[in-house]
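> Hey, dropping my_file_11.cif in here, mmCIF, C-alpha atoms:
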```cif
data_my_file
#
loop_
_atom_site.label_atom_id
_atom_site.label_comp_id
_atom_site.auth_asym_id
_atom_site.auth_seq_id
_atom_site.Cartn_x
_atom_site.Cartn_y
_atom_site.Cartn_z
CA MET A 289 -18.92 -13.09 39.12
CA ILE A 290 -21.41 -14.29 36.47
CA THR A 291 -20.87 -17.86 35.35
CA PRO A 292 -21.31 -18.85 31.67
CA GLN A 293 -24.53 -20.70 32.60
CA GLN A 294 -25.89 -17.59 34.36
CA GLN A 295 -24.89 -15.47 31.38
CA SER A 296 -26.79 -17.80 29.07
CA GLN A 297 -29.88 -17.77 31.29
CA THR A 298 -29.78 -14.00 31.73
CA SER A 299 -29.25 -13.24 28.06
CA ALA A 300 -31.98 -15.68 27.07
CA SER A 301 -34.57 -14.13 29.38
CA ALA A 302 -34.13 -10.59 28.01
CA PRO A 303 -34.80 -11.23 24.31
CA ARG A 304 -37.25 -14.09 24.69
CA ARG A 305 -40.26 -11.97 23.83
CA ARG A 306 -38.26 -10.48 20.96
CA TYR A 307 -37.94 -13.77 19.07
CA ASN A 308 -34.26 -14.52 19.84
CA LEU A 309 -33.22 -10.95 19.06
CA ALA A 310 -31.49 -8.43 21.28
CA THR A 311 -29.50 -5.24 21.00
CA ARG A 312 -26.06 -4.82 22.52
CA HIS A 313 -27.58 -2.34 24.97
CA GLN A 314 -30.15 -4.91 26.12
CA LEU A 315 -27.58 -7.67 26.52
CA ILE A 316 -25.23 -5.50 28.55
CA ALA A 317 -28.17 -4.32 30.70
CA ALA A 318 -28.99 -8.01 31.29
CA GLY A 319 -25.47 -8.62 32.62
CA VAL A 320 -23.75 -10.08 29.55
CA PRO A 321 -20.16 -8.76 29.32
CA ASP A 322 -19.18 -6.92 26.16
CA GLY A 323 -16.44 -9.48 25.45
CA THR A 324 -18.93 -12.34 25.62
CA ILE A 325 -21.16 -10.65 23.06
CA THR A 326 -18.21 -10.23 20.72
CA SER A 327 -16.95 -13.81 21.10
CA ARG A 328 -20.34 -15.43 20.71
CA SER A 329 -21.16 -13.49 17.55
CA ARG A 330 -17.95 -14.42 15.73
CA PRO A 331 -18.31 -16.59 12.58
CA GLY A 332 -19.29 -20.08 13.67
CA GLY A 333 -20.46 -18.90 17.09
CA PRO A 334 -23.91 -19.46 18.63
CA TRP A 335 -25.04 -15.90 17.90
CA GLN A 336 -25.19 -13.79 14.75
CA ARG A 337 -24.76 -10.07 14.24
CA LEU A 338 -27.62 -9.18 11.91
CA LEU A 339 -27.16 -5.41 12.01
CA PRO A 340 -24.91 -3.01 13.89
CA ARG A 341 -25.68 -3.55 17.59
CA VAL A 342 -28.42 -6.13 16.81
CA TYR A 343 -27.88 -9.85 17.45
CA LEU A 344 -29.76 -13.03 16.61
CA LEU A 345 -29.32 -15.49 19.47
CA GLN A 346 -29.54 -18.64 17.39
CA THR A 347 -27.48 -20.47 14.79
CA GLY A 348 -30.14 -20.87 12.10
CA PRO A 349 -31.03 -18.19 9.56
CA PRO A 350 -33.55 -15.50 10.53
CA ASP A 351 -37.08 -15.62 9.16
CA GLN A 352 -38.97 -12.67 7.68
CA ARG A 353 -40.42 -11.63 11.04
CA GLN A 354 -37.00 -11.68 12.73
CA ARG A 355 -35.46 -9.58 9.96
CA ALA A 356 -38.29 -7.07 10.25
CA LEU A 357 -37.97 -6.86 14.02
CA ALA A 358 -34.18 -6.56 13.76
CA ALA A 359 -34.68 -3.46 11.59
CA VAL A 360 -36.89 -1.90 14.27
CA LEU A 361 -34.40 -2.80 17.04
CA TYR A 362 -31.63 -1.15 15.04
CA ALA A 363 -33.63 2.05 14.49
CA ALA A 364 -35.20 2.41 17.95
CA GLU A 365 -33.55 4.67 20.50
CA ALA A 366 -31.24 2.58 22.66
CA THR A 367 -32.82 3.47 26.00
CA SER A 368 -36.44 3.08 24.85
CA ASP A 369 -38.64 0.00 24.69
CA PRO A 370 -38.22 -0.97 21.02
CA LEU A 371 -41.54 -2.83 21.03
CA SER A 372 -43.52 0.26 22.04
CA GLY A 373 -43.55 1.81 18.57
CA ASP A 374 -42.68 5.18 20.10
CA THR A 375 -39.26 5.72 18.50
CA ALA A 376 -39.22 3.27 15.58
CA ALA A 377 -41.90 1.54 13.51
CA LEU A 378 -41.73 -0.61 10.40
CA THR A 379 -43.50 0.89 7.39
CA GLY A 380 -43.59 0.71 3.60
CA GLY A 381 -43.14 -2.52 1.72
CA ALA A 382 -41.68 -4.47 4.64
CA ALA A 383 -44.73 -3.71 6.79
CA LEU A 384 -47.06 -4.66 3.94
CA ALA A 385 -45.16 -7.91 3.42
CA LEU A 386 -45.80 -8.85 7.06
CA LEU A 387 -49.52 -8.41 6.32
CA GLY A 388 -49.23 -10.86 3.42
CA ILE A 389 -49.47 -8.33 0.58
CA ARG A 390 -48.20 -10.02 -2.57
CA ASP A 391 -45.05 -8.62 -4.20
CA ALA A 392 -44.44 -6.08 -1.43
CA PRO A 393 -40.65 -5.69 -1.11
CA CYS A 394 -39.12 -6.73 2.22
CA THR A 395 -35.69 -5.15 1.67
CA PRO A 396 -34.59 -2.57 2.38
CA ALA A 397 -36.92 -2.31 5.35
CA ASP A 398 -38.27 1.22 5.75
CA VAL A 399 -38.38 2.19 9.43
CA LEU A 400 -39.87 5.46 10.64
CA ILE A 401 -37.92 7.46 13.20
CA ARG A 402 -38.90 10.79 14.70
CA ALA A 403 -37.50 13.87 12.95
CA PRO A 404 -35.11 15.58 13.38
CA ARG A 405 -33.29 12.46 14.61
CA ARG A 406 -30.88 11.00 12.05
CA LEU A 407 -29.61 7.44 11.71
CA ALA A 408 -27.24 5.86 9.22
CA GLY A 409 -28.89 3.40 6.88
CA THR A 410 -27.65 -0.06 5.93
CA PRO A 411 -28.30 -2.26 2.88
CA ALA A 412 -31.09 -3.91 4.89
CA VAL A 413 -32.57 -0.90 6.72
CA ARG A 414 -33.65 2.50 5.42
CA PRO A 415 -34.43 4.92 8.27
CA VAL A 416 -37.15 7.41 7.34
CA PRO A 417 -37.32 10.52 9.55
CA THR A 418 -40.83 11.95 9.83
CA ALA A 419 -42.57 14.80 11.62
CA ARG A 420 -45.96 13.08 11.06
CA TRP A 421 -45.64 10.34 13.64
CA PRO A 422 -48.53 7.89 13.15
CA ARG A 423 -50.48 5.62 15.41
CA THR A 424 -48.71 2.27 15.45
CA ILE A 425 -49.87 -1.31 15.73
CA THR A 426 -48.16 -4.66 16.28
CA VAL A 427 -48.06 -7.20 13.45
CA SER A 428 -46.54 -10.60 14.29
CA GLY A 429 -44.78 -9.00 17.24
CA VAL A 430 -43.27 -6.18 15.17
CA PRO A 431 -44.20 -2.50 15.76
CA THR A 432 -45.53 -1.19 12.44
CA THR A 433 -47.54 1.66 11.03
CA ARG A 434 -51.16 1.01 10.14
CA PRO A 435 -51.65 -0.47 6.63
CA VAL A 436 -52.90 2.82 5.18
CA ARG A 437 -49.72 4.65 6.26
CA ALA A 438 -47.49 1.75 5.21
CA ALA A 439 -49.09 1.82 1.76
CA ALA A 440 -48.53 5.58 1.43
CA ASP A 441 -44.91 5.29 2.58
CA PHE A 442 -44.39 2.50 0.06
CA ALA A 443 -45.80 4.64 -2.75
CA ALA A 444 -43.56 7.53 -1.72
CA ARG A 445 -40.41 5.49 -2.39
CA CYS A 446 -41.45 3.34 -5.32
CA GLU A 447 -40.65 4.45 -8.88
CA ASP A 448 -42.37 1.55 -10.68
CA HIS A 449 -45.84 2.68 -11.83
CA ASP A 450 -47.20 -0.85 -12.24
CA ARG A 451 -45.90 -1.92 -8.83
CA ILE A 452 -47.55 1.10 -7.19
CA ARG A 453 -50.83 0.22 -8.88
CA SER A 454 -50.60 -3.44 -8.00
CA THR A 455 -49.51 -3.05 -4.38
CA LEU A 456 -52.04 -0.35 -3.47
CA ALA A 457 -54.78 -2.42 -5.12
CA HIS A 458 -53.77 -5.50 -3.10
CA VAL A 459 -53.90 -3.51 0.15
CA VAL A 460 -57.45 -2.34 -0.57
CA GLN A 461 -58.59 -5.67 -2.01
CA ALA A 462 -57.36 -7.51 1.08
CA GLY A 463 -59.50 -5.20 3.21
CA TRP A 464 -56.64 -3.54 5.10
CA CYS A 465 -57.94 -0.06 4.31
CA HIS A 466 -60.75 1.74 2.51
CA PRO A 467 -59.84 3.48 -0.78
CA GLN A 468 -61.09 6.81 0.56
CA ASP A 469 -58.87 6.50 3.65
CA LEU A 470 -55.89 5.65 1.44
CA HIS A 471 -56.64 8.64 -0.77
CA THR A 472 -56.76 10.88 2.31
CA GLU A 473 -53.40 9.53 3.52
CA LEU A 474 -51.79 10.01 0.10
CA ARG A 475 -53.12 13.55 0.07
CA ALA A 476 -51.78 14.27 3.57
CA ALA A 477 -48.36 12.99 2.46
CA ARG A 478 -48.51 15.29 -0.59
CA LEU A 479 -48.12 12.35 -2.94
CA LEU A 480 -51.05 13.06 -5.26
CA GLY A 481 -48.84 15.44 -7.22
CA ARG A 482 -47.05 12.38 -8.62
CA PRO A 483 -48.89 11.15 -11.73
CA ALA A 484 -48.37 7.44 -10.95
CA VAL A 485 -49.73 7.76 -7.41
CA ARG A 486 -52.62 10.00 -8.48
CA ALA A 487 -53.62 7.52 -11.21
CA ALA A 488 -53.49 4.57 -8.81
CA ALA A 489 -55.62 6.45 -6.26
CA ALA A 490 -58.18 7.36 -8.93
CA GLU A 491 -58.44 3.72 -10.01
CA LEU A 492 -59.11 2.58 -6.45
CA ILE A 493 -61.76 5.26 -5.96
CA ALA A 494 -63.43 4.02 -9.15
CA GLY A 495 -63.54 0.48 -7.77
CA VAL A 496 -60.51 -1.09 -9.49
CA ARG A 497 -58.87 -3.74 -7.32
CA SER A 498 -56.04 -5.25 -9.38
CA ILE A 499 -53.38 -4.36 -11.93
CA ALA A 500 -55.27 -6.35 -14.58
CA GLU A 501 -58.43 -4.33 -13.89
CA ALA A 502 -56.39 -1.13 -14.03
CA ARG A 503 -55.08 -2.07 -17.48
CA ALA A 504 -58.60 -2.94 -18.62
CA ARG A 505 -59.78 0.46 -17.37
CA ASP A 506 -57.01 2.14 -19.37
CA VAL A 507 -58.14 0.28 -22.49
CA ILE A 508 -61.82 1.15 -22.02
CA GLU A 509 -61.25 4.80 -21.10
CA GLY A 510 -59.42 5.34 -24.38
CA THR A 511 -62.59 4.58 -26.36
CA ASP A 512 -66.14 5.87 -26.75
CA LEU A 513 -67.54 2.95 -24.73
CA PRO A 514 -69.65 3.91 -21.70
CA ALA A 515 -67.87 3.74 -18.35
CA PRO A 516 -68.65 0.57 -16.39
CA LEU A 517 -68.95 -0.01 -12.65
CA TRP A 518 -65.92 -1.79 -11.22
CA ASN A 519 -66.46 -4.67 -8.79
CA ALA A 520 -70.13 -3.85 -8.33
CA ARG A 521 -72.14 -6.36 -6.28
CA LEU A 522 -74.97 -7.78 -8.38
CA HIS A 523 -78.16 -9.14 -6.83
CA THR A 524 -81.18 -10.92 -8.17
CA LEU A 525 -84.51 -9.11 -8.29
CA GLN A 526 -85.36 -10.94 -5.05
CA GLY A 527 -82.29 -9.48 -3.33
CA ASP A 528 -80.02 -12.55 -3.34
CA PHE A 529 -76.33 -11.98 -4.06
CA LEU A 530 -75.44 -13.06 -7.59
CA ALA A 531 -71.81 -12.17 -8.32
CA SER A 532 -69.33 -9.30 -8.41
CA PRO A 533 -67.88 -9.04 -11.94
CA ASP A 534 -64.72 -7.07 -12.53
CA ALA A 535 -66.55 -4.57 -14.76
CA TYR A 536 -70.29 -4.20 -15.30
CA TRP A 537 -72.45 -2.08 -17.59
CA PRO A 538 -75.75 -1.87 -15.67
CA ASP A 539 -77.86 -0.33 -18.45
CA GLU A 540 -76.88 -3.03 -20.92
CA GLY A 541 -76.37 -5.95 -18.55
CA VAL A 542 -72.87 -6.75 -19.84
CA ALA A 543 -70.01 -7.94 -17.64
CA LEU A 544 -66.25 -8.24 -18.15
CA GLU A 545 -64.61 -11.04 -16.20
CA ILE A 546 -60.82 -11.12 -15.96
CA ASP A 547 -59.74 -14.65 -15.11
CA SER A 548 -56.12 -15.10 -14.06
CA ALA A 549 -54.58 -18.58 -14.22
CA GLU A 550 -52.92 -17.79 -10.89
CA TYR A 551 -56.31 -18.01 -9.17
CA HIS A 552 -58.00 -20.58 -11.40
CA TYR A 553 -55.43 -23.31 -11.90
CA THR A 554 -57.14 -25.84 -9.61
CA ARG A 555 -60.21 -27.81 -10.63
CA ASP A 556 -62.31 -26.39 -7.78
CA ALA A 557 -61.35 -22.80 -8.57
CA TRP A 558 -62.13 -23.26 -12.25
CA HIS A 559 -65.50 -24.86 -11.46
CA ALA A 560 -66.30 -21.94 -9.15
CA THR A 561 -65.54 -19.54 -12.00
CA LEU A 562 -67.80 -21.45 -14.37
CA ARG A 563 -70.63 -21.58 -11.82
CA ARG A 564 -70.39 -17.81 -11.27
CA ARG A 565 -70.56 -17.26 -15.01
CA LEU A 566 -73.58 -19.58 -15.30
CA ARG A 567 -75.35 -17.61 -12.55
CA LEU A 568 -74.73 -14.37 -14.42
CA GLU A 569 -75.86 -15.75 -17.76
CA SER A 570 -78.94 -17.40 -16.25
CA HIS A 571 -80.06 -13.93 -15.14
CA GLY A 572 -79.55 -12.38 -18.54
CA VAL A 573 -76.06 -10.92 -18.03
CA LEU A 574 -73.85 -11.19 -21.12
CA VAL A 575 -70.25 -12.02 -20.16
CA VAL A 576 -66.96 -11.24 -21.91
CA SER A 577 -64.10 -13.31 -20.50
CA ALA A 578 -60.42 -12.44 -20.81
CA THR A 579 -57.13 -13.11 -19.08
CA PRO A 580 -54.71 -10.39 -17.94
CA SER A 581 -52.35 -11.32 -20.78
CA ILE A 582 -55.12 -10.99 -23.39
CA ILE A 583 -55.98 -7.53 -22.08
CA ARG A 584 -52.31 -6.58 -22.19
CA ASP A 585 -51.44 -8.12 -25.58
CA SER A 586 -54.74 -8.07 -27.49
CA PRO A 587 -56.83 -5.14 -26.20
CA ALA A 588 -58.49 -4.70 -29.60
CA ASP A 589 -60.01 -8.19 -29.36
CA VAL A 590 -61.42 -7.42 -25.91
CA LEU A 591 -62.90 -4.14 -27.13
CA ALA A 592 -64.44 -5.85 -30.18
CA ALA A 593 -66.14 -8.44 -27.95
CA LEU A 594 -67.42 -5.75 -25.60
CA ARG A 595 -68.78 -3.68 -28.48
CA ALA A 596 -70.57 -6.70 -29.93
CA LEU A 597 -72.24 -7.64 -26.62
CA LEU A 598 -73.13 -4.04 -25.75
CA ALA A 599 -74.80 -3.68 -29.17
CA LEU A 600 -76.59 -6.99 -28.72
CA ALA A 601 -77.76 -5.99 -25.25
CA ASN A 602 -79.23 -2.73 -26.53
CA ALA A 603 -81.36 -4.70 -28.96
CA ARG A 604 -82.78 -7.05 -26.32
CA PRO A 605 -86.48 -6.66 -25.54
CA ALA A 606 -86.06 -7.36 -21.81
CA PRO A 607 -83.43 -6.06 -19.36
CA PRO A 608 -81.30 -8.48 -17.36
CA ALA A 609 -82.71 -9.80 -14.09
CA ALA A 610 -79.77 -8.44 -12.07
CA LEU A 611 -79.33 -5.26 -10.07
CA ALA A 612 -76.16 -3.49 -8.94
CA ARG A 613 -76.98 -2.63 -5.36
CA GLY A 614 -75.05 -0.67 -2.78
CA HIS A 615 -72.43 0.44 -5.29
CA GLN A 616 -71.26 4.00 -4.97
CA GLN A 617 -68.56 5.76 -6.94
CA LEU A 618 -66.68 7.62 -4.23
CA PRO A 619 -65.88 11.31 -4.79
CA LEU A 620 -62.30 12.02 -5.73
CA PHE A 621 -60.78 14.99 -3.97
CA ARG A 622 -58.27 17.05 -5.86
CA ALA A 623 -54.73 17.18 -4.54
CA GLY A 624 -54.07 20.15 -2.33
#
```
Take the structure from the file and write it as structure tokens.


Amino acid sequence: MITPQQQSQTSASAPRRRYNLATRHQLIAAGVPDGTITSRSRPGGPWQRLLPRVYLLQTGPPDQRQRALAAVLYAAEATSDPLSGDTAALTGGAALALLGIRDAPCTPADVLIRAPRRLAGTPAVRPVPTARWPRTITVSGVPTTRPVRAAADFAARCEDHDRIRSTLAHVVQAGWCHPQDLHTELRAARLLGRPAVRAAAAELIAGVRSIAEARARDVIEGTDLPAPLWNARLHTLQGDFLASPDAYWPDEGVALEIDSAEYHYTRDAWHATLRRRLRLESHGVLVVSATPSIIRDSPADVLAALRALLALANARPAPPAALARGHQQLPLFRAG
């Protein structure tokens, strides 16, 4: 007969590496009677039932990582190792949120399962059967798809154009994947037939790395202004790194800098912005500064400033002492 102390020790050892989480199957395999699981997970008890057959072995609320892992435990096949990533893996917005991608939605958590297997969803978990099982990784102890697949799976289920643009840009900007690799994944998932996804992919290929830059690109493309380079790395004539403006016209030496208060509200951040602008101007680069809200609400003012500086630059006797080096506009494959 198993004593209550032995039950506690046994049940604690099984889920320890799963961050105080366990499935009913795991608890029973560890020797915890079914009745004990039920009694301990009643309201006010020491355990909590987070999802059908998934229990949190603590009294406090679960954190983001525990909720994500609970979704994988729920979706994994009962007799498999749920941490292996072989039968269930977090993907989409929930996986991106674990990576720290801003505004990526955590709920419902999309979890890949192998087709043709079917599993009932819950308000917190959305099982996604797939025949294209990906390589998986572990993020904060949770089996997930790689960022490039998580981003594509997010785009497949998101209907908000701006959120698709913003989230995919954040994934690339954070360095989790290359824009060409993301484009390839979107193409493999047959998502480039959707106008919102195709537009976001084209922006990333062009060098755009934020929703504000994407809006600025929309504004500029609707005019007769020459196309700029996006996020080009500028160097001095001696080869020293100078800055990487949001948009840059290399023939004219004109830059567009989009300064968001979110990233410049501290004194140090603002001083860094001013120093970068001084470096550009000291090397002959003419700078137009705008905020995301100005680009959104007053695009005509931004265009007027750009036209004025581009015209002024064309009349200068000497070119700017700055070079855009190592910048390549990647080829954009057509959707197949």

> So what does the PyMOL selection byres ((chain A and resi 431) around 10) actually pick up in this one, as a ChimeraX atom specification?

/A:356-357,360-361,370-379,383,399,424-430,432-434

> Counting all atoms listed in the file, give me one row per residue of stretch 549-582 of chain A with an atom at most 12 Å from an atom of stretch 597-606 of chain A, showing the shortest contact pair and its distance in Å to one decimal, sorted by chain then residue number, as CSV.


```
residue,atom,partner,partner_atom,distance
A:His571,CA,A:Ala606,CA,11.1
A:Gly572,CA,A:Ala606,CA,8.8
A:Val573,CA,A:Ala601,CA,8.9
A:Leu574,CA,A:Leu597,CA,6.7
A:Val575,CA,A:Leu597,CA,8.1
A:Val576,CA,A:Leu597,CA,7.9
A:Ser577,CA,A:Leu597,CA,11.7
```

> Which is closest to A:Leu407 among A:Val590, A:Ala443, A:Ala364, A:Ala392, if we use only C-alpha atoms?

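Looking at the shortest contact to A:Leu407, the residue is A:Ala364.
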
> Applying the PyMOL selection byres ((chain A and resi 541) around 8) to the file I just gave you, which residues come out? Please list them as an MDAnalysis selection string.

chainID A and resid 536:540 542:543 572:574 601 607:608 610

> Which neighbours of A:Thr418 fall inside 6 Å, counting only C-alpha atoms, when residues of the same chain fewer than 2 positions from it are skipped, and could you give them as a list in words?

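Contacts, with the query itself left out: Arg402, Ala403 and Arg420 of chain A.
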
> Draw an axis-aligned box tight on the listed atoms of stretch 308-321 of chain A, then pad every side by 8 Å and write out centre and edge lengths in Å to one decimal as JSON.


```
{"center_x": -27.2, "center_y": -8.4, "center_z": 25.8, "size_x": 30.1, "size_y": 28.2, "size_z": 29.6}
```

> Determine, counting only C-alpha atoms, which protein, DNA and RNA residues have an atom within 12 Å of an atom of A:Ala462; residues of the same chain fewer than 2 positions away are not included. Present the result as a CSV table (one decimal) with C-alpha atoms, in the coordinates of the input.


```
chain,number,residue,atom,x,y,z
A,384,LEU,CA,-47.1,-4.7,3.9
A,387,LEU,CA,-49.5,-8.4,6.3
A,388,GLY,CA,-49.2,-10.9,3.4
A,389,ILE,CA,-49.5,-8.3,0.6
A,390,ARG,CA,-48.2,-10.0,-2.6
A,435,PRO,CA,-51.6,-0.5,6.6
A,436,VAL,CA,-52.9,2.8,5.2
A,455,THR,CA,-49.5,-3.0,-4.4
A,456,LEU,CA,-52.0,-0.4,-3.5
A,457,ALA,CA,-54.8,-2.4,-5.1
A,458,HIS,CA,-53.8,-5.5,-3.1
A,459,VAL,CA,-53.9,-3.5,0.2
A,460,VAL,CA,-57.4,-2.3,-0.6
A,464,TRP,CA,-56.6,-3.5,5.1
A,465,CYS,CA,-57.9,-0.1,4.3
A,466,HIS,CA,-60.8,1.7,2.5
A,467,PRO,CA,-59.8,3.5,-0.8
A,497,ARG,CA,-58.9,-3.7,-7.3
A,498,SER,CA,-56.0,-5.2,-9.4
```

> Would you write out, as JSON, numbers by chain, every residue that the PyMOL selection byres ((chain A and resi 342) around 8) captures in this file?

{"A": [309, 310, 311, 312, 337, 338, 339, 340, 341, 343, 344, 358, 361, 362]}

> So how many Å separate atom CA of A:Ala494 and atom CA of A:Ala520, to one decimal?

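About the pair atom CA of A:Ala494 and atom CA of A:Ala520: they are 10.4 Å apart.
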
> Nearest to A:Asp585 among A:Leu492, A:Ala487, A:Asp322, A:Val507, with distances taken over all atoms listed in the file: which residue is it?

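Looking at the shortest contact to A:Asp585, the residue is A:Val507.
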
> Point out the residue among A:Gln461, A:Gly319, A:Ala531, A:Leu479 with the least atom-to-atom distance to A:Ser570, counting all atoms listed in the file.

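Nearest to A:Ser570: A:Ala531.
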
> Mind pulling up the distance from atom CA of A:Val413 to atom CA of A:Thr395?

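Computing the Euclidean distance for atom CA of A:Thr395 and atom CA of A:Val413 yields 7.3 Å.
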
> What does the distance from atom CA of A:Arg478 to atom CA of A:Arg445 come to in Å, to one decimal?

12.8 Å
